[in-house]
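Below: one structure, written as structure tokens.
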Amino acid sequence: MSNNLLFDFTVDKSRKTVYINREFDAGLSLVWDAFTKQALLDQWLAPKPWSCKTKYMDFKVGGKRLYAMVSPEGQERWGIQEYTSITPKTNFKMYNAFSDEEGNPELPGSEWDHTFSEQNGRTKVSITIYNESLDRLERILDGFTQGMKMSLGNLEDLLATLSKK
């Protein structure tokens, strides 16, 4: 793990928005794939000891991903994402909401905007998450903050392993 990699996590409650800027010591194509390919997403997205499983994923504009975070005891917490914009290897946007196992959303949700850039073999990912409801943001904030930081650490470990191959 490189200690000099950018990692900024900012919450602006007045805008109901979370800003994450995270740098990875890996090439753009690999980082893009880690965010957009089901087999890779399921390896890092859940904070340990939880795991992630995807029921289906169709990474295209209008496509959806239905996935669950699974506790060590087998409890599942489902989420649905709908991809609203994709510019390959540069940006994608999605709408994200908790859901049931069939993908019926529990509203309100949040809008995610992911931007990717590479410089000197390092890839920066900037994520802006706008929540439709301040109440929702405040309810999930502590768990989300810890979980997202852990998940991005999992991603860093996965990228290090994949980069060695």
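All residue names refer to the structure tokens as shown: chains lettered A, B, ... in order, residues numbered from 1 in each chain, ligands numbered from 1 in order.
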
_Would you pick out the contacts of Gln75 in chain A at 10 Å or less, using only C-alpha atoms, so that residues sharing its chain but fewer than 6 positions from it are not included, and give the list as a PyMOL selection string?_
chain A and resi 50+68-69

For N, CA and C atoms, I'd like the residues from the last selection saved as a PDB file, in the first residue's frame.
ATOM      1  N   TRP A  50     -18.126  -8.949   5.330  1.00  0.00           N
ATOM      2  CA  TRP A  50     -19.241  -9.115   4.397  1.00  0.00           C
ATOM      3  C   TRP A  50     -18.697  -9.480   3.022  1.00  0.00           C
ATOM      4  N   ALA A  68     -26.294  -7.889  -3.783  1.00  0.00           N
ATOM      5  CA  ALA A  68     -26.527  -7.955  -2.339  1.00  0.00           C
ATOM      6  C   ALA A  68     -25.199  -7.903  -1.609  1.00  0.00           C
ATOM      7  N   MET A  69     -25.218  -7.235  -0.465  1.00  0.00           N
ATOM      8  CA  MET A  69     -24.143  -7.327   0.514  1.00  0.00           C
ATOM      9  C   MET A  69     -24.589  -8.441   1.463  1.00  0.00           C
TER      10      MET A  69
END

*Write out as a ChimeraX atom specification all residues of chain A that backbone DSSP assigns to strand (DSSP E or B).*
/A:7-12,17-24,51-57,64-70,76-87,91-99,105-119,122-131

*Do a neighbour search on Val61 in chain A at 12 Å with only C-alpha atoms, toss out local chain neighbours closer than 3 positions, and write the hits as an NGL selection string.*
:A and (57-58 or 64-65 or 81-88 or 92-95)

Output the selection as a PDB file, in the first residue's frame - N, CA and C atoms for each residue.
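Result saved to part-v5.pdb:
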ATOM      1  N   MET A  57     -26.176  -8.116 -13.943  1.00  0.00           N
ATOM      2  CA  MET A  57     -25.548  -6.827 -14.254  1.00  0.00           C
ATOM      3  C   MET A  57     -25.508  -6.660 -15.762  1.00  0.00           C
ATOM      4  N   ASP A  58     -25.995  -5.525 -16.228  1.00  0.00           N
ATOM      5  CA  ASP A  58     -25.978  -5.182 -17.643  1.00  0.00           C
ATOM      6  C   ASP A  58     -25.417  -3.764 -17.741  1.00  0.00           C
ATOM      7  N   LYS A  64     -29.090  -2.405 -15.730  1.00  0.00           N
ATOM      8  CA  LYS A  64     -29.165  -2.426 -14.270  1.00  0.00           C
ATOM      9  C   LYS A  64     -28.243  -3.487 -13.681  1.00  0.00           C
ATOM     10  N   ARG A  65     -27.917  -3.265 -12.415  1.00  0.00           N
ATOM     11  CA  ARG A  65     -27.187  -4.249 -11.613  1.00  0.00           C
ATOM     12  C   ARG A  65     -27.973  -4.444 -10.322  1.00  0.00           C
ATOM     13  N   GLN A  81     -28.960  -0.746  -9.056  1.00  0.00           N
ATOM     14  CA  GLN A  81     -28.316   0.385  -9.721  1.00  0.00           C
ATOM     15  C   GLN A  81     -28.817   0.432 -11.153  1.00  0.00           C
ATOM     16  N   GLU A  82     -29.066   1.638 -11.651  1.00  0.00           N
ATOM     17  CA  GLU A  82     -29.403   1.808 -13.068  1.00  0.00           C
ATOM     18  C   GLU A  82     -28.394   2.773 -13.670  1.00  0.00           C
ATOM     19  N   TYR A  83     -27.737   2.327 -14.734  1.00  0.00           N
ATOM     20  CA  TYR A  83     -26.709   3.136 -15.382  1.00  0.00           C
ATOM     21  C   TYR A  83     -27.373   4.175 -16.283  1.00  0.00           C
ATOM     22  N   THR A  84     -27.073   5.450 -16.031  1.00  0.00           N
ATOM     23  CA  THR A  84     -27.735   6.541 -16.744  1.00  0.00           C
ATOM     24  C   THR A  84     -26.852   7.200 -17.790  1.00  0.00           C
ATOM     25  N   SER A  85     -25.533   7.010 -17.699  1.00  0.00           N
ATOM     26  CA  SER A  85     -24.595   7.610 -18.655  1.00  0.00           C
ATOM     27  C   SER A  85     -23.286   6.836 -18.573  1.00  0.00           C
ATOM     28  N   ILE A  86     -22.695   6.536 -19.745  1.00  0.00           N
ATOM     29  CA  ILE A  86     -21.404   5.844 -19.777  1.00  0.00           C
ATOM     30  C   ILE A  86     -20.541   6.449 -20.871  1.00  0.00           C
ATOM     31  N   THR A  87     -19.365   6.920 -20.500  1.00  0.00           N
ATOM     32  CA  THR A  87     -18.322   7.320 -21.441  1.00  0.00           C
ATOM     33  C   THR A  87     -17.133   6.422 -21.122  1.00  0.00           C
ATOM     34  N   PRO A  88     -16.881   5.400 -21.958  1.00  0.00           N
ATOM     35  CA  PRO A  88     -15.886   4.379 -21.614  1.00  0.00           C
ATOM     36  C   PRO A  88     -14.553   4.938 -21.119  1.00  0.00           C
ATOM     37  N   PHE A  92     -18.884   7.224 -15.675  1.00  0.00           N
ATOM     38  CA  PHE A  92     -20.217   6.630 -15.730  1.00  0.00           C
ATOM     39  C   PHE A  92     -21.037   7.162 -14.563  1.00  0.00           C
ATOM     40  N   LYS A  93     -22.344   7.217 -14.802  1.00  0.00           N
ATOM     41  CA  LYS A  93     -23.280   7.692 -13.791  1.00  0.00           C
ATOM     42  C   LYS A  93     -24.341   6.626 -13.579  1.00  0.00           C
ATOM     43  N   MET A  94     -24.835   6.579 -12.350  1.00  0.00           N
ATOM     44  CA  MET A  94     -25.876   5.601 -12.047  1.00  0.00           C
ATOM     45  C   MET A  94     -26.773   6.118 -10.938  1.00  0.00           C
ATOM     46  N   TYR A  95     -27.962   5.559 -10.922  1.00  0.00           N
ATOM     47  CA  TYR A  95     -28.889   5.798  -9.825  1.00  0.00           C
ATOM     48  C   TYR A  95     -28.831   4.562  -8.949  1.00  0.00           C
TER      49      TYR A  95
END

Each residue of range 30-127 of chain A lying at most 9 Å from range 138-152 of chain A should get a row with its shortest atom-to-atom pair and the distance in Å to one decimal, counting only C-alpha atoms; could you produce that, ordered by chain and increasing number, as a tab-separated table?
residue	atom	partner	partner_atom	distance
A:Trp44	CA	A:Ser151	CA	5.9
A:Leu45	CA	A:Ser151	CA	5.2
A:Ala46	CA	A:Ser151	CA	5.7
A:Pro47	CA	A:Ser151	CA	4.9
A:Lys48	CA	A:Met150	CA	7.4

*A:Leu6, A:Gly79, A:Phe35, A:Lys53: which is nearest Pro105 in chain A, counting only C-alpha atoms?*
A:Gly79

*Counting only C-alpha atoms, figure out which residue out of A:Thr123, A:Gln43, A:Thr36, A:Asn21 gets nearest to Lys60 in chain A.*
A:Thr36

*Restricting the calculation to only C-alpha atoms, which member of A:Ile129, A:Ala39, A:Leu162, A:Ile20 is positioned closest to Gly109 in chain A?*
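Looking at the shortest contact to Gly109 in chain A, the residue is A:Ile129.
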
_Set the distance at 12 Å and use only C-alpha atoms: which residues neighbour Glu106 in chain A once local chain neighbours fewer than 2 positions away are removed? I'd like the list as a list in words._
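Once the nearby chain positions are removed, what remains is Arg77, Trp78, Gly79, Ile80, Gln81, Asn96, Ala97, Phe98, Ser99, Asp100, Glu101, Glu102, Gly103, Asn104, Pro108, Gly109, Ser110 and Arg136 of chain A.
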
Since we have the selection now, will you write its residues out, keeping N, CA and C atoms, as an mmCIF file, in the first residue's frame?
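selection_17.cif written:
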data_model
loop_
_atom_site.group_PDB
_atom_site.id
_atom_site.type_symbol
_atom_site.label_atom_id
_atom_site.label_comp_id
_atom_site.auth_asym_id
_atom_site.auth_seq_id
_atom_site.Cartn_x
_atom_site.Cartn_y
_atom_site.Cartn_z
ATOM 1 N N ARG A 77 -28.502 -7.751 2.138
ATOM 2 C CA ARG A 77 -29.032 -6.388 2.005
ATOM 3 C C ARG A 77 -28.905 -6.033 0.536
ATOM 4 N N TRP A 78 -30.027 -5.938 -0.154
ATOM 5 C CA TRP A 78 -30.044 -5.781 -1.605
ATOM 6 C C TRP A 78 -29.993 -4.322 -2.037
ATOM 7 N N GLY A 79 -29.447 -4.108 -3.232
ATOM 8 C CA GLY A 79 -29.404 -2.799 -3.854
ATOM 9 C C GLY A 79 -29.597 -2.931 -5.348
ATOM 10 N N ILE A 80 -30.125 -1.887 -5.946
ATOM 11 C CA ILE A 80 -30.322 -1.848 -7.401
ATOM 12 C C ILE A 80 -29.645 -0.592 -7.936
ATOM 13 N N GLN A 81 -28.960 -0.746 -9.056
ATOM 14 C CA GLN A 81 -28.316 0.385 -9.721
ATOM 15 C C GLN A 81 -28.817 0.432 -11.153
ATOM 16 N N ASN A 96 -28.699 4.738 -7.645
ATOM 17 C CA ASN A 96 -28.526 3.634 -6.707
ATOM 18 C C ASN A 96 -29.576 3.727 -5.609
ATOM 19 N N ALA A 97 -30.179 2.598 -5.268
ATOM 20 C CA ALA A 97 -31.154 2.573 -4.175
ATOM 21 C C ALA A 97 -31.124 1.203 -3.509
ATOM 22 N N PHE A 98 -31.459 1.171 -2.218
ATOM 23 C CA PHE A 98 -31.699 -0.112 -1.575
ATOM 24 C C PHE A 98 -32.907 -0.721 -2.267
ATOM 25 N N SER A 99 -32.995 -2.055 -2.244
ATOM 26 C CA SER A 99 -34.121 -2.717 -2.904
ATOM 27 C C SER A 99 -34.416 -4.043 -2.215
ATOM 28 N N ASP A 100 -35.448 -4.707 -2.713
ATOM 29 C CA ASP A 100 -35.674 -6.075 -2.288
ATOM 30 C C ASP A 100 -34.931 -6.995 -3.261
ATOM 31 N N GLU A 101 -35.037 -8.294 -3.036
ATOM 32 C CA GLU A 101 -34.297 -9.266 -3.839
ATOM 33 C C GLU A 101 -34.732 -9.276 -5.307
ATOM 34 N N GLU A 102 -35.905 -8.720 -5.583
ATOM 35 C CA GLU A 102 -36.405 -8.664 -6.961
ATOM 36 C C GLU A 102 -36.022 -7.365 -7.670
ATOM 37 N N GLY A 103 -35.395 -6.436 -6.942
ATOM 38 C CA GLY A 103 -34.962 -5.186 -7.541
ATOM 39 C C GLY A 103 -35.952 -4.046 -7.425
ATOM 40 N N ASN A 104 -36.989 -4.214 -6.608
ATOM 41 C CA ASN A 104 -37.938 -3.124 -6.380
ATOM 42 C C ASN A 104 -37.288 -2.127 -5.423
ATOM 43 N N PRO A 108 -36.156 7.124 -0.975
ATOM 44 C CA PRO A 108 -35.316 7.737 -2.006
ATOM 45 C C PRO A 108 -33.967 7.034 -2.143
ATOM 46 N N GLY A 109 -33.282 7.359 -3.225
ATOM 47 C CA GLY A 109 -31.971 6.786 -3.495
ATOM 48 C C GLY A 109 -30.920 7.871 -3.652
ATOM 49 N N SER A 110 -29.912 7.551 -4.456
ATOM 50 C CA SER A 110 -28.817 8.512 -4.663
ATOM 51 C C SER A 110 -28.293 8.412 -6.088
ATOM 52 N N ARG A 136 -32.139 10.419 4.642
ATOM 53 C CA ARG A 136 -31.519 9.165 4.201
ATOM 54 C C ARG A 136 -30.009 9.235 4.383
#

*With only C-alpha atoms as the atoms that count, which of A:Glu76, A:Asp12, A:Glu23, A:Asp113 lies nearest to Val125 in chain A?*
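Checking each candidate against Val125 in chain A, we get A:Glu23 as the closest.
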
Neighbour list for Leu158 in chain A as a compact mmCIF listing (two decimals) with N, CA and C atoms, in the first residue's frame, cut-off 9 Å, only C-alpha atoms, skip fewer than 2 positions in-chain:
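Output file result18.txt follows:
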# COMPACT_ATOMS: atom_id res chain seq x y z
N ALA A 34 -12.48 -2.81 -12.73
CA ALA A 34 -12.83 -3.14 -11.35
C ALA A 34 -14.16 -2.50 -10.94
N LEU A 40 -15.15 -8.65 -10.98
CA LEU A 40 -14.22 -7.86 -10.16
C LEU A 40 -14.96 -7.11 -9.05
N GLN A 43 -15.55 -8.93 -5.90
CA GLN A 43 -14.37 -9.25 -5.10
C GLN A 43 -13.99 -8.15 -4.11
N TRP A 44 -14.46 -6.92 -4.33
CA TRP A 44 -13.98 -5.83 -3.46
C TRP A 44 -15.07 -4.96 -2.85
N GLY A 153 -10.25 0.15 0.26
CA GLY A 153 -9.03 -0.54 0.68
C GLY A 153 -8.96 -1.94 0.09
N ASN A 154 -10.11 -2.65 0.06
CA ASN A 154 -10.17 -3.96 -0.60
C ASN A 154 -9.80 -3.83 -2.06
N LEU A 155 -10.30 -2.77 -2.71
CA LEU A 155 -9.99 -2.56 -4.12
C LEU A 155 -8.50 -2.34 -4.32
N GLU A 156 -7.89 -1.55 -3.45
CA GLU A 156 -6.46 -1.32 -3.56
C GLU A 156 -5.69 -2.65 -3.48
N ALA A 160 -3.52 -4.43 -6.55
CA ALA A 160 -2.11 -4.79 -6.35
C ALA A 160 -1.88 -6.24 -6.78
N THR A 161 -2.81 -7.12 -6.41
CA THR A 161 -2.69 -8.53 -6.79
C THR A 161 -2.82 -8.70 -8.31
N LEU A 162 -3.80 -8.04 -8.91
CA LEU A 162 -4.02 -8.17 -10.36
C LEU A 162 -2.88 -7.54 -11.16
N SER A 163 -2.29 -6.48 -10.64
CA SER A 163 -1.20 -5.80 -11.35
C SER A 163 0.06 -6.67 -11.42
